[in-house]
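Chemist: Dropping a structure here in structure tokens format, bear with me for questions.
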Amino acid sequence: MSTFVEKLRQYSKPGYYDEFDYHWTMTIDLDRCTGCEACVVACQAENNLPIVGEERFAQSREIKWIRIERYWEGEYPNIKMGFIPMLCQHCDDAPCETACPVYATYHNQDGLNTQIYNRCIGTRTCAVYCPYEVRYFNWFTYTWDEPLEQQLNPDVSVREKGVMEKCTFCIQRIRIAKDNAKDDDRRRVRDGEVVPACVQSCPTEAMLFGNSKDPEAKVSKMMKNTRGYTVLEELNTTPSIVYLKKVHA
Amino acid sequence: MFDHGQPSYAEVNKDILSTMLETGPKYWMLLGMTMSVAGICFFMPWIYQLFVGVGAAGMNHNAVWGSYLSNFIFWIGLSHSGTLLSAVLHITNSPWRKSIYRSAEAMTLFSLMTATLFVMVHLGRVWFVHWSFPIPNQMGLWPNFRSPLMFDVMAITTYLTASSIFIYMGSVPDFAAVRDASTGLRRRLYTIFSFGWRGTAREWHTLGWAYTFFAVFVIPLAVSVHSIVSWDFALSAVPGFHHTIFAPYFVCGAIYSGTAGIVTVMYCLRKFLGFERYIGQVHLDSLGKLLITLSLIWSYINILELFTTWFGGTSFELEALSFRLTGFYAPLYWEMLIFCAFVPLLMLFKKIRWSWNKMLLISILINIGMLTERFIIVATSQPRKFLPDSFGYYVPSWIEISISVGSFAIFVTLFLIFIKWVPAISIYEVKETLKPLRRNV
Amino acid sequence: MSKISRRDLLQYIGAGGIGVAGGVLYGEGVQRKVELLIPQVIPPEDYSPGVATWYNTVCNQCSAGCGISVRIREGKAKKIEGNPVHPVSRGRLCARGQAGLNVLYNPDRIRTPLQSADRGSENTAEISWDDALTTIGSRIGRLKIEGNAGRIRLLTGRTRGHLDELFAQFMNLLGSEHYQQYDFTYPSALAAANKTSFGTDVLPYYDIENADFLLSFGADYLGTWLSPVHYSLAYGNLRQGRQGQRGKTVQIEPRMSLSGAAADEWIAARPGTEGLFALGIAHVLVSSGSYTGNDRDEWSSALQAYSPSMVSAETEVSEDTIVRIAEEFGASTASLAIAGGATAAGTNAVASVVAVNALNHLAGNLGKPGGVILNSAQAFPAAAGSSPAGLQGALDLVAAMQAGDVEVLLVHDTNPVFSLPHNVGFRQAMENVPLIVALSSFHDETTAMADFILPTNTYLESWGDDVPDPGVGFPVTSLSQPVVAPLYDTLPVGDIILSLARQIGGELPIHMPWASMEEFIKDRWREEYDERMSEGQDQNFEAFWQAVLEAGVWGQPGAAAGGQPESSSSPTIAAIADPVSKFAGDETDYPFVLHPYLTATFLDGRGANLPWLQELPDPMTSVVYGSWAELNPVTADELGIEEGDVLEIESPAGSIRVPAFIFPAIRPGVVAVPIGQGHTSYGRYASDRGINPIHIVATLMDKQSGDLAWAATRVKVTNTGERLRIVKTDGVTRTLGRQILGPGNDHG
């Protein structure tokens, strides 16, 4: 009993996560973003997102871990378009994490909001609770027309019907980078060593990814930019994605 | 108390037990029908859905919860009055409770079961549903006790257990009566069911004591169950879900729809089982008054919800509200208001309150309204969340509609089976109300 | 119903049981393919299970020539990323480039040589390579011997590098002059205009990255113009790449493109008057004294007519705007004007582009950082110089085919049946050609007309090299290599040509002795290395070759660019006399201007068979899997049109039916239809989906460049009353006051 209580205390300790080396963070500069959707395809390729077909799109059952949202401002001729890439915000106080009855989604020590497909029973509560609507449900088991399945990334599992999925910050790439660091006897991965597929592909370099616990990391500096903000700040979800707002000249 | 003169003890036994012991072809036809409807409308689509995935239903990325959950809330709500009403009335010692409580409690049990079925139907991977129970396993994995769904699992299982014990305990003397009136296998079975009940004073004393204890225990439980169901919604930040009023709103709505459900069930018992002598105007009148009260409370809470949303004035809540009032599902919203807030006011007239047919109609309308209410909560909030670009819509598929229809067949099937196994009216408590035995009144 | 006896029942059960057991056995034993982790006893090189290998090669999804790195695991291509050392892509890649894997693993690829039983049908029979090459080779050989080699034609898409040289050499050796290219996306007008303005038709490098003020006349440099990946990063750096200095961009186009959405200011001038707009700005630059060149007087008199008030009346852009933009343009230290899109697709395309080029000259930013930097003529390989001939070339070919002057037509990597207006009659003309051979990886509308379809390797299975055009200001040559073994019984297009050469015989195999494209390219590179590249290098060719293979690119970043552009004003002044485009169709009969536009996903339709691109929401509208016609909300209101109403869009050249999409950023009176869909035979993902607006474009052309004036067609729009659901992912595209785009950036 006493060990149990001790363990509980350990878990409830403030700053528990501070003991760990990483807090993965992304910044997205909307002044650079052009809404070209290269990141969307990069994600689809890296993370084995299914090809769902027109009918499923019409039913809003597409799976896009990252999507571009569009917002118009004004009317013709003084009209402007604002793009904002929307992906899992990896909130530190994630509404989805408390929702899952089976701990299929939880916060890991790197500050990632992770989804365990094998544990998911498909209550979809996390998706309801997510204010950013970045959780995608497998309404069906999707298949690939032969030989498209040869492209599937062996580092990422293919999901079956009935499980929830979402952006992982390309956790497989983080894993590989950590393994490499370990092989080289380094405690931490270097800044820039982990690049999620969307960040890698971004033609305008609008996205930046790194460890915000490292004050020297590019991303830590970028976060402090005066243009920085988080989406739906009023909900207190403390996202790990900091957007830099577009400059209106 | 009795519309057609007071029956004798023997008549009570005969009237009530005959419904169990004598089974005509009509019963079998009815049972066959409901079972086939349940099979065709509920289980076959469900099996299909199990094979293809939940995509067989109409839910989508903008509304991942759909009619399965609104049906779930509906059935949980319907479950509410049975045990709760029975317990409250038991404690307050209302004599008119006695002839209706058994069926009301059965209603609780069966609607809870139906509700649980909807959880199963709702789940993406129902074959792993056992993971939501704290079953010790070698992986050391436990459910997440912070999750309102986990509260749900706990609350519903507790409620189901408590309600089962409650109804069973109240039925023990009647099982003994069945045992005594039957022969053969049935007699042997009911010997076991009745735990060898002999009707000694000590047994009566223990039963009364335990029953009262359970009645007291069940009341907060019942209130908590629907509060917890409401937290599934209220604990999220979703506009339209995120209201502190939700717990009392759901509890009130639950009792409301449950009470209306009892009226419907009473009508059927009277009509089809010939219980006119035991279920009379006094019941109808009392339930009618209760319904008016609940309707007013329900309307008040609805007004409050509108007011607080408007007063809060955030873009999120206002958008969700305006979608609810004027959007795609607005006709359903107004239908709900008419059925649940205005139609019940007709019961203020005694003429209506005393008419079985009119009350049946009103009770059914109330439950249609309440079913709609749950659907509106689920279907109009999610598609209007925070990011306008992700606004969408949700229309139930035929699979969902079919399963919803089938669930009523399941409920009726269970009820039909029930009336052949358990006396639908408490024999011994009805006898308590017969005049010669009345003490201290 | 007859009764089933107990005996029957048992039999049924037995039969059923055997059936199930058989099915299970079949499923377990027969159907399951034997898959081994390592497919050979001796595993191939660079092949260790679980370890990814990256190969650098060149993207072929558009003509930009981005360097790419392909991730290979267990012999399968898994992901394409930009090659970080390649100066064009700089490690980045667009959606289209990344979808290259869908080309490689496309289920609709042609897997063996096919012979068509009758043209235009799907009725084809498999045939062996030997048979196919013998038949075709003997036919060509006979023509050669008969001295009718001129009746052999080779039509390809945009081809650069040594493949271009191989094609040219093959046709030369045959004795035919008719090797030509057709590519809808090739900016012929731009090349012709640059010839006029700068004296070289090599496309220059536009240094967007270092510009302070970018004025784009219809050029969607972020989506489809020249080298979108390169310019995207340049745009990012223009905005936020320099401390404390944010470049400004202005876009002038009738329908907001990606670049228009990114711009600080988007101006929808009257279609066809963009060149005039540029002249108006030029007028202000000269008259305000901002331009101080020697030839100021000449300019002044040439631009005399284009006063802001006159330009304002024609372009329907306010005078203030013209003057303000001109002043900003003149005042910025590095201002850059570029032209493309509809501006370069009117009947006066070259004149318009020359007018825009004049702005660069007047602002004095030629050859300077943030300005126009000329590329040297192709450094290497020297032969890579053919350019697509535009509409004029296609018309010549059609005329020849109609006249019966074409006996053999070889088609590779181009789809003129799809990407030419119906009026050109390419498909009908093809019927006059006795033998059509398509060298293609996919069935499309053009291969459907072929007698023989020779399946080619995709670019990810082929050797090749490429000189990016436009270059990046210094000499660059990329090398492409196969990253996976060919999936099917296909051959690289170069190998097919070489085989044909051997088949035909004569002097061909003597001058083209190579066994394969790989050998040919390596041979050429060796020559070049010995001649020029080896300077200052102390490694042998093999080491050099290996290094280039690894890097995927060879370049000389320090080498001089193409020199200072000529600053002579006379050719420019002569060329700008025609600043307004003409339109096909009368304004009263055809009140709308048709604005077909290239999409960043499908380009001219070649990307439509890639499922990832079909599933990619259109950047501006979020529509997937279909065509739509964009209308201004006000116009739509007037006509009572709502989203999803099927419109009949009729031009003098034909009509299409397409659902309407209400698009807030399009000029009233313009109807924009994306190019790319509307295929009839292009695999399962593209066929019978949407419409192709190119088909109703009138065959007007820009006289100077011979290019199709695809933005110069008027149409009328009628609501058919039918409805068609537009599949899109967007819900509400207004922020409703929510601060999603940042505090203070809440778009109302």
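Each chain of the structure tokens is named A, B, ... in the order shown, its residues numbered from 1; ligands are numbered from 1 in display order.
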With a distance cut-off of 9 Å and only C-alpha atoms, select the neighbouring residues of Gln115 in chain A, excluding the residue or stretch itself and same-chain residues fewer than 4 positions from it, and output the selection as a count of residues only.
Modeler: 12
Chemist: Pull out every residue of chain C sitting within 8 Å of chain B, counting only C-alpha atoms, and send them as a list in words.
Modeler: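 Putting it all together, I get Thr729, Asp730, Gly731, Val732, Thr733, Arg734, Thr735, Leu736, Gly737, Arg738 and Ile740 of chain C.
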Chemist: Please dump the current selection as a PDB file, in the first residue's frame; keep C-alpha atoms.
Modeler:
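Result file out35.pdb:
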ATOM      1  CA  THR C 729     -13.623  19.478 -47.352  1.00  0.00           C
ATOM      2  CA  ASP C 730     -14.308  23.048 -46.276  1.00  0.00           C
ATOM      3  CA  GLY C 731     -17.198  23.879 -44.029  1.00  0.00           C
ATOM      4  CA  VAL C 732     -17.521  27.593 -43.402  1.00  0.00           C
ATOM      5  CA  THR C 733     -14.641  29.645 -44.772  1.00  0.00           C
ATOM      6  CA  ARG C 734     -15.044  32.686 -42.576  1.00  0.00           C
ATOM      7  CA  THR C 735     -13.526  32.918 -39.127  1.00  0.00           C
ATOM      8  CA  LEU C 736     -16.752  34.280 -37.588  1.00  0.00           C
ATOM      9  CA  GLY C 737     -14.652  36.587 -35.485  1.00  0.00           C
ATOM     10  CA  ARG C 738     -12.758  33.713 -33.907  1.00  0.00           C
ATOM     11  CA  ILE C 740      -7.928  31.433 -35.460  1.00  0.00           C
TER      12      ILE C 740
END
Chemist: One number please: CA of Ile656 in chain C to CA of Ala686 in chain C, in Å, one decimal.
Modeler: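 So the answer is 17.4 Å.
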Chemist: Output as an MDAnalysis selection string the set of chain A residues within 6 Å of chain B, with distances taken over only C-alpha atoms.
Modeler: chainID A and resid 60:61 69 98:103 121:123 129 131 139:140 161:162
Chemist: Go ahead and write the selection's residues with N, CA and C atoms as an mmCIF file, in the first residue's frame.
Modeler:
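Saved the output as selection19.cif:
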data_model
loop_
_atom_site.group_PDB
_atom_site.id
_atom_site.type_symbol
_atom_site.label_atom_id
_atom_site.label_comp_id
_atom_site.auth_asym_id
_atom_site.auth_seq_id
_atom_site.Cartn_x
_atom_site.Cartn_y
_atom_site.Cartn_z
ATOM 1 N N SER A 60 -17.473 13.146 -45.732
ATOM 2 C CA SER A 60 -16.534 13.702 -44.742
ATOM 3 C C SER A 60 -15.843 12.606 -43.958
ATOM 4 N N ARG A 61 -15.408 11.596 -44.626
ATOM 5 C CA ARG A 61 -14.701 10.545 -43.906
ATOM 6 C C ARG A 61 -13.266 10.415 -44.372
ATOM 7 N N GLU A 69 -6.653 24.755 -43.507
ATOM 8 C CA GLU A 69 -7.947 25.421 -43.385
ATOM 9 C C GLU A 69 -7.862 26.771 -44.094
ATOM 10 N N THR A 98 -7.965 13.015 -21.337
ATOM 11 C CA THR A 98 -8.799 12.629 -20.198
ATOM 12 C C THR A 98 -10.016 11.852 -20.664
ATOM 13 N N ALA A 99 -10.314 11.937 -21.952
ATOM 14 C CA ALA A 99 -11.571 11.378 -22.427
ATOM 15 C C ALA A 99 -11.509 9.879 -22.629
ATOM 16 N N CYS A 100 -10.342 9.379 -23.006
ATOM 17 C CA CYS A 100 -10.285 7.978 -23.417
ATOM 18 C C CYS A 100 -10.430 7.054 -22.216
ATOM 19 N N PRO A 101 -11.411 6.151 -22.232
ATOM 20 C CA PRO A 101 -11.602 5.277 -21.081
ATOM 21 C C PRO A 101 -10.527 4.206 -20.946
ATOM 22 N N VAL A 102 -9.803 3.941 -22.023
ATOM 23 C CA VAL A 102 -8.845 2.832 -21.964
ATOM 24 C C VAL A 102 -7.394 3.288 -22.114
ATOM 25 N N TYR A 103 -7.146 4.563 -22.000
ATOM 26 C CA TYR A 103 -5.786 5.096 -22.117
ATOM 27 C C TYR A 103 -5.175 4.833 -23.485
ATOM 28 N N ILE A 121 -10.542 1.332 -28.573
ATOM 29 C CA ILE A 121 -11.756 0.545 -28.766
ATOM 30 C C ILE A 121 -12.791 1.321 -29.579
ATOM 31 N N GLY A 122 -12.460 2.540 -29.949
ATOM 32 C CA GLY A 122 -13.336 3.272 -30.869
ATOM 33 C C GLY A 122 -14.531 3.937 -30.226
ATOM 34 N N THR A 123 -14.361 4.520 -29.037
ATOM 35 C CA THR A 123 -15.489 5.275 -28.474
ATOM 36 C C THR A 123 -15.612 6.628 -29.161
ATOM 37 N N TYR A 129 -13.970 15.546 -28.096
ATOM 38 C CA TYR A 129 -13.388 16.486 -27.139
ATOM 39 C C TYR A 129 -12.348 17.384 -27.788
ATOM 40 N N PRO A 131 -10.821 20.142 -29.670
ATOM 41 C CA PRO A 131 -11.356 21.377 -30.249
ATOM 42 C C PRO A 131 -10.820 21.632 -31.653
ATOM 43 N N TRP A 139 -13.422 4.656 -40.313
ATOM 44 C CA TRP A 139 -14.799 4.177 -40.429
ATOM 45 C C TRP A 139 -14.835 2.820 -41.098
ATOM 46 N N PHE A 140 -13.796 2.529 -41.867
ATOM 47 C CA PHE A 140 -13.725 1.248 -42.573
ATOM 48 C C PHE A 140 -12.292 0.759 -42.489
ATOM 49 N N LYS A 161 -10.226 -0.870 -39.231
ATOM 50 C CA LYS A 161 -11.480 -0.196 -38.927
ATOM 51 C C LYS A 161 -11.672 -0.080 -37.413
ATOM 52 N N GLY A 162 -12.306 0.989 -37.015
ATOM 53 C CA GLY A 162 -12.687 1.123 -35.613
ATOM 54 C C GLY A 162 -11.669 1.759 -34.708
#
Chemist: Can you list, as a PyMOL selection string, every protein, DNA or RNA residue that comes within 8 Å of Glu722 in chain C when you count only C-alpha atoms, leaving out same-chain residues fewer than 2 positions away?
Modeler: chain C and resi 645-646+719-720+724
Chemist: Could you give me, as a PyMOL selection string, the residues within 9 Å of Lys144 in chain C, counting only C-alpha atoms and dropping anything in the same chain fewer than 5 positions from it?
Modeler: chain C and resi 139+149-150+152+174-176+504
Chemist: Do you know which residues are at most 7 Å from Gly236 in chain C counting only C-alpha atoms, after dropping those on the same chain fewer than 3 positions away, and could you put them as a list in words?
Modeler: Arg32, Thr204 and Glu205 of chain A; Ser232, Leu233, Arg239, Gln240 and Gly241 of chain C
Chemist: Please list as a PyMOL selection string every residue within 10 Å of Arg109 in chain C, counting only C-alpha atoms and excluding residues in the same chain fewer than 2 positions away.
Modeler: (chain A and resi 147) or (chain C and resi 103-107+111-112+440-443+455-458+487-488+490+682-683)
Chemist: With a distance cut-off of 8 Å and only C-alpha atoms, select the neighbouring residues of Phe83 in chain A, excluding the residue or stretch itself and same-chain residues fewer than 2 positions from it, and output the selection as a list in words.
Modeler: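 Listed by chain and then number, they are Leu30, Cys33, Thr34, Gly35, Ile68, Glu69, Arg70, Tyr71, Met81 and Pro85 of chain A.
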Chemist: Selection from above, N, CA and C atoms, as a PDB file, in the first residue's frame, can you write it?
Modeler:
ATOM      1  N   LEU A  30       2.734  31.560 -40.488  1.00  0.00           N
ATOM      2  CA  LEU A  30       1.674  31.763 -41.482  1.00  0.00           C
ATOM      3  C   LEU A  30       2.060  32.832 -42.501  1.00  0.00           C
ATOM      4  N   CYS A  33       3.587  30.475 -44.980  1.00  0.00           N
ATOM      5  CA  CYS A  33       2.709  29.425 -45.515  1.00  0.00           C
ATOM      6  C   CYS A  33       1.920  29.943 -46.715  1.00  0.00           C
ATOM      7  N   THR A  34       1.922  29.156 -47.786  1.00  0.00           N
ATOM      8  CA  THR A  34       1.176  29.555 -48.977  1.00  0.00           C
ATOM      9  C   THR A  34      -0.023  28.643 -49.224  1.00  0.00           C
ATOM     10  N   GLY A  35      -0.237  27.691 -48.350  1.00  0.00           N
ATOM     11  CA  GLY A  35      -1.378  26.797 -48.519  1.00  0.00           C
ATOM     12  C   GLY A  35      -1.239  25.813 -49.662  1.00  0.00           C
ATOM     13  N   ILE A  68      -5.195  21.838 -44.536  1.00  0.00           N
ATOM     14  CA  ILE A  68      -5.095  23.293 -44.614  1.00  0.00           C
ATOM     15  C   ILE A  68      -6.497  23.857 -44.454  1.00  0.00           C
ATOM     16  N   GLU A  69      -6.653  24.755 -43.507  1.00  0.00           N
ATOM     17  CA  GLU A  69      -7.947  25.421 -43.385  1.00  0.00           C
ATOM     18  C   GLU A  69      -7.862  26.771 -44.094  1.00  0.00           C
ATOM     19  N   ARG A  70      -8.987  27.169 -44.643  1.00  0.00           N
ATOM     20  CA  ARG A  70      -9.045  28.383 -45.462  1.00  0.00           C
ATOM     21  C   ARG A  70     -10.013  29.371 -44.835  1.00  0.00           C
ATOM     22  N   TYR A  71      -9.622  30.612 -44.729  1.00  0.00           N
ATOM     23  CA  TYR A  71     -10.543  31.629 -44.231  1.00  0.00           C
ATOM     24  C   TYR A  71     -10.461  32.879 -45.093  1.00  0.00           C
ATOM     25  N   MET A  81      -7.134  35.911 -48.397  1.00  0.00           N
ATOM     26  CA  MET A  81      -7.277  34.520 -47.982  1.00  0.00           C
ATOM     27  C   MET A  81      -6.264  34.230 -46.887  1.00  0.00           C
ATOM     28  N   PRO A  85      -2.440  25.668 -41.569  1.00  0.00           N
ATOM     29  CA  PRO A  85      -2.329  24.205 -41.503  1.00  0.00           C
ATOM     30  C   PRO A  85      -2.806  23.740 -40.123  1.00  0.00           C
TER      31      PRO A  85
END
Chemist: Residues of range 461-621 of chain C in helix (DSSP H, G or I) according to DSSP, as a VMD selection string?
Modeler: chain C and resid 461 493 to 504 508 to 511 517 to 533 541 to 551 570 to 575 611 to 614
Chemist: Take the residues that were just selected and, keeping C-alpha atoms, output them as a compact mmCIF listing (two decimals), in the first residue's frame.
Modeler:
# COMPACT_ATOMS: atom_id res chain seq x y z
CA GLU C 461 13.10 3.36 -62.92
CA VAL C 493 12.31 5.13 -73.37
CA GLY C 494 15.96 5.62 -74.31
CA ASP C 495 16.47 1.87 -74.50
CA ILE C 496 13.46 1.55 -76.78
CA ILE C 497 14.92 4.14 -79.12
CA LEU C 498 18.30 2.41 -79.08
CA SER C 499 16.65 -0.95 -79.74
CA LEU C 500 14.72 0.55 -82.60
CA ALA C 501 17.96 1.95 -83.98
CA ARG C 502 19.51 -1.52 -83.89
CA GLN C 503 16.39 -2.95 -85.43
CA ILE C 504 16.41 -0.44 -88.28
CA LEU C 508 22.03 4.01 -86.94
CA PRO C 509 23.68 1.36 -84.74
CA ILE C 510 27.07 2.67 -85.75
CA HIS C 511 26.33 6.16 -84.55
CA MET C 517 20.44 4.65 -71.85
CA GLU C 518 22.69 4.15 -68.85
CA GLU C 519 25.66 3.43 -71.07
CA PHE C 520 24.80 6.36 -73.33
CA ILE C 521 24.56 8.84 -70.51
CA LYS C 522 27.69 7.63 -68.82
CA ASP C 523 29.51 7.83 -72.12
CA ARG C 524 28.38 11.40 -72.69
CA TRP C 525 29.25 12.40 -69.16
CA ARG C 526 32.70 10.89 -69.60
CA GLU C 527 33.23 12.98 -72.70
CA GLU C 528 32.06 16.11 -70.97
CA TYR C 529 34.17 15.32 -67.96
CA ASP C 530 37.27 14.89 -70.03
CA GLU C 531 36.56 18.05 -71.95
CA ARG C 532 35.42 20.49 -69.34
CA MET C 533 34.35 19.29 -65.97
CA PHE C 541 35.92 9.86 -64.01
CA GLU C 542 34.63 6.85 -62.09
CA ALA C 543 35.07 8.63 -58.78
CA PHE C 544 33.49 11.75 -60.21
CA TRP C 545 30.60 9.73 -61.62
CA GLN C 546 30.08 8.04 -58.28
CA ALA C 547 30.08 11.39 -56.50
CA VAL C 548 27.54 12.86 -58.92
CA LEU C 549 25.37 9.76 -58.60
CA GLU C 550 25.39 10.16 -54.86
CA ALA C 551 24.66 13.85 -54.95
CA SER C 570 14.30 49.54 -79.23
CA PRO C 571 13.19 45.91 -79.57
CA THR C 572 11.14 46.29 -76.43
CA ILE C 573 9.51 49.46 -77.59
CA ALA C 574 8.70 47.85 -80.90
CA ALA C 575 7.19 44.83 -79.23
CA PRO C 611 -4.84 9.05 -56.25
CA TRP C 612 -2.98 11.21 -53.73
CA LEU C 613 -3.48 14.22 -55.94
CA GLN C 614 -7.11 13.40 -56.63
